[in-house]
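Listing of run_13.txt; format and content: compact mmCIF, C-alpha atoms.
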# COMPACT_ATOMS: atom_id res chain seq x y z
CA MET A 611 3.61 -71.41 -0.28
CA ILE A 612 6.32 -69.67 1.65
CA GLY A 613 5.99 -65.95 2.12
CA SER A 614 3.36 -63.81 0.57
CA VAL A 615 2.65 -62.16 -2.74
CA GLU A 616 2.33 -58.40 -2.68
CA ARG A 617 -0.72 -57.17 -4.46
CA TYR A 618 -0.32 -54.12 -6.76
CA SER A 619 -3.16 -51.68 -6.47
CA PRO A 620 -3.29 -48.87 -9.10
CA ALA A 621 -5.69 -46.96 -6.86
CA ALA A 622 -3.24 -47.05 -3.95
CA HIS A 623 -0.43 -45.88 -6.24
CA ARG A 624 -2.53 -42.92 -7.41
CA ARG A 625 -3.34 -41.96 -3.83
CA GLY A 626 0.38 -41.71 -3.02
CA ALA A 627 1.27 -39.56 -6.04
CA ALA A 628 1.19 -35.76 -5.94
CA PRO A 629 -1.64 -34.17 -7.92
CA PRO A 630 -0.68 -32.48 -11.22
CA TRP A 631 -1.43 -28.96 -9.94
CA TRP A 632 1.03 -29.45 -7.07
CA ARG A 633 3.78 -30.61 -9.44
CA VAL A 634 3.26 -27.49 -11.58
CA LEU A 635 3.20 -25.24 -8.49
CA ARG A 636 6.38 -26.85 -7.16
CA VAL A 637 8.21 -26.17 -10.43
CA LEU A 638 7.03 -22.55 -10.39
CA LEU A 639 8.15 -22.08 -6.77
CA ILE A 640 11.59 -23.51 -7.52
CA ALA A 641 11.88 -21.24 -10.57
CA LEU A 642 10.84 -18.22 -8.48
CA VAL A 643 13.43 -18.96 -5.78
CA LEU A 644 16.17 -19.37 -8.40
CA TYR A 645 15.04 -16.13 -10.07
CA LEU A 646 15.20 -14.23 -6.75
CA VAL A 647 18.67 -15.57 -5.92
CA VAL A 648 20.08 -14.82 -9.37
CA THR A 649 18.51 -11.37 -9.84
CA ARG A 650 19.14 -10.18 -6.28
CA PHE A 651 22.73 -11.36 -5.93
CA LEU A 652 24.13 -11.96 -9.41
CA VAL A 653 22.61 -10.48 -12.59
CA SER A 654 19.36 -9.16 -14.04
CA THR A 655 18.26 -8.58 -17.61
CA TYR A 656 16.72 -5.32 -18.77
CA ARG A 657 15.08 -4.08 -21.94
CA ILE A 658 16.00 -0.55 -23.07
CA GLU A 659 12.75 1.40 -23.39
CA SER A 660 13.84 4.83 -24.64
CA VAL A 661 16.25 6.67 -26.93
CA SER A 662 18.01 8.39 -24.02
CA MET A 663 21.18 6.27 -24.32
CA GLU A 664 21.64 6.46 -28.08
CA PRO A 665 24.00 5.89 -29.80
CA ALA A 666 25.37 3.42 -27.21
CA LEU A 667 22.02 1.68 -26.58
CA SER A 668 18.82 1.78 -28.62
CA PRO A 669 15.18 0.97 -27.79
CA ALA A 670 14.53 -2.81 -27.63
CA ASP A 671 18.19 -3.57 -26.85
CA ARG A 672 18.50 -6.08 -24.03
CA VAL A 673 21.32 -5.86 -21.51
CA ILE A 674 22.66 -7.76 -18.52
CA VAL A 675 23.09 -5.77 -15.30
CA SER A 676 25.32 -7.14 -12.53
CA GLU A 677 25.03 -6.12 -8.89
CA ILE A 678 28.34 -7.76 -7.98
CA PRO A 679 30.64 -4.80 -8.90
CA TYR A 680 28.93 -2.36 -6.49
CA GLY A 681 27.65 -4.92 -3.99
CA PRO A 682 24.44 -7.01 -4.11
CA ARG A 683 21.40 -5.54 -2.40
CA VAL A 684 19.81 -7.43 0.47
CA PRO A 685 16.28 -8.40 -0.63
CA PHE A 686 13.41 -6.28 0.76
CA SER A 687 15.78 -3.71 2.32
CA SER A 688 18.03 -0.78 1.42
CA LEU A 689 21.15 -2.60 2.65
CA ARG A 690 23.78 -3.97 0.28
CA LEU A 691 26.73 -6.30 0.67
CA PRO A 692 30.32 -5.12 0.05
CA GLY A 693 31.16 -4.72 -3.62
CA GLN A 694 34.30 -4.82 -5.71
CA ALA A 695 34.47 -1.06 -6.31
CA ALA A 696 32.46 2.16 -6.38
CA PRO A 697 30.88 3.38 -9.63
CA ALA A 698 33.52 4.82 -11.96
CA ARG A 699 33.46 7.49 -14.65
CA GLY A 700 31.88 6.25 -17.84
CA ASP A 701 30.11 3.27 -16.23
CA LEU A 702 26.71 2.40 -17.65
CA VAL A 703 24.42 1.78 -14.70
CA ALA A 704 20.83 0.83 -13.98
CA VAL A 705 19.34 3.34 -11.55
CA GLN A 706 16.11 3.95 -9.68
CA PRO A 707 15.34 7.66 -10.24
CA PRO A 708 14.32 9.67 -7.18
CA PHE A 709 11.03 10.87 -8.70
CA LEU A 710 9.54 7.41 -8.16
CA ASN A 711 7.34 7.16 -5.09
CA GLU A 712 8.78 4.73 -2.57
CA PRO A 713 6.59 1.60 -2.59
CA SER A 714 5.11 0.20 0.61
CA LEU A 715 6.72 -2.71 2.47
CA ILE A 716 4.18 -5.14 0.98
CA ALA A 717 4.91 -3.78 -2.53
CA ARG A 718 8.68 -4.20 -1.99
CA ILE A 719 8.12 -7.81 -0.96
CA LEU A 720 5.84 -8.53 -3.91
CA GLU A 721 7.88 -6.56 -6.48
CA PRO A 722 10.24 -9.47 -7.35
CA VAL A 723 7.27 -11.82 -7.74
CA PHE A 724 5.49 -9.29 -9.93
CA GLY A 725 8.61 -8.87 -12.06
CA PHE A 726 8.97 -12.64 -12.39
CA ALA A 727 5.34 -13.08 -13.47
CA THR A 728 5.45 -10.25 -16.04
CA LEU A 729 9.01 -10.86 -17.34
CA GLN A 730 10.04 -7.50 -15.78
CA ARG A 731 7.66 -5.58 -18.04
CA LEU A 732 5.58 -4.12 -15.19
CA SER A 733 6.37 -2.70 -11.79
CA PHE A 734 4.71 -1.56 -8.58
CA HIS A 735 6.61 1.72 -8.83
CA ARG A 736 4.60 4.83 -9.68
CA ASP A 737 5.61 8.33 -10.69
CA LEU A 738 4.53 11.49 -8.87
CA TYR A 739 1.26 11.49 -10.81
CA GLY A 740 0.39 7.91 -9.85
CA GLY A 741 1.17 6.33 -13.21
CA ARG A 742 2.88 2.94 -13.21
CA VAL A 743 6.41 3.15 -14.62
CA SER A 744 9.47 0.96 -14.94
CA SER A 745 11.50 0.86 -11.73
CA TYR A 746 14.81 1.44 -13.49
CA MET A 747 16.61 3.60 -16.06
CA VAL A 748 19.98 3.06 -17.72
CA LYS A 749 22.30 6.08 -17.56
CA ARG A 750 26.02 6.87 -17.61
CA VAL A 751 28.02 7.92 -14.56
CA VAL A 752 29.69 11.25 -15.38
CA GLY A 753 30.18 12.84 -11.96
CA LEU A 754 31.72 11.34 -8.81
CA PRO A 755 31.55 12.45 -5.15
CA GLY A 756 33.41 15.72 -4.63
CA ASP A 757 33.31 16.74 -8.31
CA THR A 758 32.31 20.24 -9.34
CA LEU A 759 30.26 20.14 -12.55
CA ARG A 760 28.83 22.42 -15.17
CA LEU A 761 27.18 21.58 -18.48
CA SER A 762 28.28 23.50 -21.55
CA ASN A 763 26.81 22.82 -25.01
CA PHE A 764 25.60 19.36 -23.87
CA THR A 765 29.10 18.33 -22.71
CA LEU A 766 29.79 18.05 -18.99
CA MET A 767 32.81 19.94 -17.71
CA VAL A 768 34.27 18.35 -14.57
CA LYS A 769 36.59 19.69 -11.88
CA PRO A 770 37.52 16.64 -9.77
CA ARG A 771 38.01 16.96 -6.03
CA GLY A 772 41.37 18.60 -5.36
CA SER A 773 41.76 19.91 -8.91
CA SER A 774 41.71 23.57 -9.97
CA ALA A 775 40.71 23.17 -13.61
CA PHE A 776 37.65 21.95 -15.48
CA VAL A 777 38.13 19.10 -17.94
CA SER A 778 35.69 17.62 -20.44
CA GLU A 779 33.94 14.44 -19.33
CA LEU A 780 35.15 12.76 -22.54
CA ASP A 781 38.79 13.48 -21.66
CA LEU A 782 38.42 12.26 -18.07
CA SER A 783 36.55 9.04 -18.75
CA PRO A 784 38.52 5.84 -19.39
CA VAL A 785 35.51 4.62 -21.40
CA ARG A 786 35.13 5.90 -24.95
CA TYR A 787 31.60 7.00 -25.83
CA ALA A 788 29.82 9.38 -28.19
CA LEU A 789 27.21 12.01 -27.40
CA SER A 790 24.07 12.90 -29.31
CA ALA A 791 22.67 16.40 -28.96
CA ALA A 792 20.14 16.82 -31.76
CA LEU A 793 17.50 19.08 -30.22
CA ASP A 794 14.52 19.15 -32.59
CA ALA A 795 12.49 21.83 -30.83
CA ARG A 796 12.12 25.24 -32.42
CA GLY A 797 12.51 28.10 -29.94
CA TRP A 798 14.00 25.99 -27.12
CA GLN A 799 16.00 28.33 -24.86
CA PRO A 800 19.36 27.48 -23.23
CA THR A 801 17.83 27.98 -19.78
CA PHE A 802 15.05 25.42 -20.36
CA PRO A 803 15.22 21.89 -18.88
CA PHE A 804 17.17 19.31 -20.94
CA SER A 805 19.09 22.11 -22.63
CA GLY A 806 22.82 22.01 -23.29
CA ASN A 807 23.77 24.22 -20.36
CA SER A 808 23.36 24.10 -16.59
CA PRO A 809 24.72 26.01 -13.59
CA GLU A 810 27.71 24.83 -11.60
CA ILE A 811 27.15 22.33 -8.77
CA THR A 812 29.40 20.41 -6.39
CA LEU A 813 28.56 16.82 -5.48
CA GLY A 814 28.54 15.70 -1.87
CA ASP A 815 29.76 12.43 -0.42
CA GLU A 816 27.97 9.37 -1.83
CA GLN A 817 26.46 11.49 -4.64
CA TYR A 818 26.74 10.59 -8.32
CA PHE A 819 25.74 12.56 -11.41
CA VAL A 820 24.28 10.48 -14.24
CA LEU A 821 23.32 11.53 -17.76
CA GLY A 822 21.98 9.94 -20.90
CA ASP A 823 24.28 9.96 -23.92
CA ASN A 824 21.40 11.39 -25.97
CA ARG A 825 21.51 14.66 -24.06
CA ALA A 826 18.59 16.32 -25.85
CA GLN A 827 16.17 13.47 -25.10
CA SER A 828 17.07 12.15 -21.66
CA SER A 829 15.55 12.47 -18.22
CA ASP A 830 18.54 12.42 -15.88
CA SER A 831 20.42 14.25 -13.12
CA ARG A 832 19.90 17.58 -14.88
CA SER A 833 16.23 17.45 -13.88
CA TRP A 834 16.14 15.19 -10.81
CA GLY A 835 19.54 15.91 -9.30
CA PRO A 836 22.44 13.73 -8.16
CA LEU A 837 21.82 10.15 -7.05
CA ARG A 838 22.73 8.48 -3.79
CA MET A 839 24.52 5.16 -3.97
CA ASP A 840 21.40 3.31 -2.80
CA ARG A 841 19.66 4.41 -6.03
CA ILE A 842 22.26 2.71 -8.24
CA VAL A 843 21.11 -0.86 -8.87
CA GLY A 844 24.07 -2.31 -10.75
CA LYS A 845 26.46 -2.05 -13.68
CA VAL A 846 25.53 -2.81 -17.30
CA VAL A 847 28.08 -5.45 -18.29
CA TYR A 848 26.79 -6.99 -21.53
CA ARG A 849 24.33 -6.52 -24.38
CA TYR A 850 22.84 -9.81 -25.60
CA TRP A 851 20.25 -8.48 -28.05
CA PRO A 852 20.07 -7.75 -30.96
CA PRO A 853 22.38 -10.46 -32.35
CA GLY A 854 24.31 -7.98 -34.49
CA SER A 855 25.28 -5.89 -31.43
CA ILE A 856 26.20 -8.59 -28.92
CA GLY A 857 29.01 -7.58 -26.57
CA ALA A 858 29.97 -4.88 -24.10
CA PRO A 859 27.93 -1.71 -24.85

In structure tokens, what does this structure look like?
Amino acid sequence: MIGSVERYSPAAHRRGAAPPWWRVLRVLLIALVLYLVVTRFLVSTYRIESVSMEPALSPADRVIVSEIPYGPRVPFSSLRLPGQAAPARGDLVAVQPPFLNEPSLIARILEPVFGFATLQRLSFHRDLYGGRVSSYMVKRVVGLPGDTLRLSNFTLMVKPRGSSAFVSELDLSPVRYALSAALDARGWQPTFPFSGNSPEITLGDEQYFVLGDNRAQSSDSRSWGPLRMDRIVGKVVYRYWPPGSIGAP
């Protein structure tokens, strides 16, 4: 006989194959890397948790937030790449409110993994009392750097930089939206937090004023002040749930 006959050994074939647990782990690692790339440089999905943005957005609505318009953030740092434009009047944005305690370096590294494993339902972020809270809120940009603002009967009056007159936020914004101001609290005074009035303030450079459309039931810049640009995560560009409300919010 010329040549040789190769013998097939099932045992040898099994020794060369990757174990099942490694195949599962490899798929999970690939999925995690894709998740990090997409959510850190392209888009993220968020679930609306409160009534603060009604009537535009309701609890359980799901939206897509893009970091591309304002510049993607560099993972595990406060740096961000150049964006297409700065936040504009009327933009719906996902923000990280300043009352959240800044997580440690290890927590910032593990935060994306934690979000991936829990479908973004839990976060390492904690409030001032130590309770675990969502790391984001959705609000509307109503004040830009250099604006002078005052709140009157739940409507923001804006004097843009270089202007001498106050104008309603609804007249200035290129985006059409409605406000809700049903305050169901007997005896609530105009000087109390979340009321329809606030004293005049002027925003500095890189400061933005954000409010919820449901003015009577929103935690926003009235209570925690203007936001720096590094606290604005991205722009809400699309609502994909519920099916009857699909489209730009």

Quiz item: Could you state the separation of CA of Gly844 in chain A and CA of Val768 in chain A in Å, given to one decimal place?
Solution: 23.4 Å

Self-check item: CA of Ala826 in chain A to CA of Pro809 in chain A, distance in Å rounded to a single decimal
Solution: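 A separation of 16.8 Å between them.
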
Exercise. Would you please work out which residue, of A:Arg636, A:Val843, A:Arg699, A:Arg825, is nearest to Leu782 in chain A when using only C-alpha atoms?
Key: A:Arg699

Exercise. Counting only C-alpha atoms, figure out which residue out of A:Asp815, A:Glu664, A:Glu677, A:Asp830 gets nearest to Phe709 in chain A.
Key: A:Asp830

Practice problem: Tell me which protein, DNA and RNA residues are within 9 Å of range 778-781 of chain A, counting only C-alpha atoms, leaving out same-chain ones fewer than 5 positions away, and put them as a ChimeraX atom specification. | Solution: /A:699-700,752-753,765-769,786-788

Practice problem: Give the answer as one residue: which of A:Val647, A:Val748, A:Val653, A:Ala775 has the shortest atom-to-atom distance to Ile678 in chain A, using all atoms listed in the file? | Solution: A:Val653

Quiz item: Any idea what's packed within 8 Å of Arg841 in chain A, counting only C-alpha atoms, ignoring anything in its chain fewer than 3 positions away? Could you give it as JSON, numbers by chain?
Solution: {"A": [705, 706, 707, 708, 837, 838]}

Grab the residues selected above and save them as a CSV table (one decimal), in the frame of the given file with C-alpha atoms.
chain,number,residue,atom,x,y,z
A,705,VAL,CA,19.3,3.3,-11.6
A,706,GLN,CA,16.1,4.0,-9.7
A,707,PRO,CA,15.3,7.7,-10.2
A,708,PRO,CA,14.3,9.7,-7.2
A,837,LEU,CA,21.8,10.2,-7.0
A,838,ARG,CA,22.7,8.5,-3.8

Quiz item: CA of Thr812 in chain A and CA of Gly835 in chain A are how many Å apart?
Solution: 11.2 Å
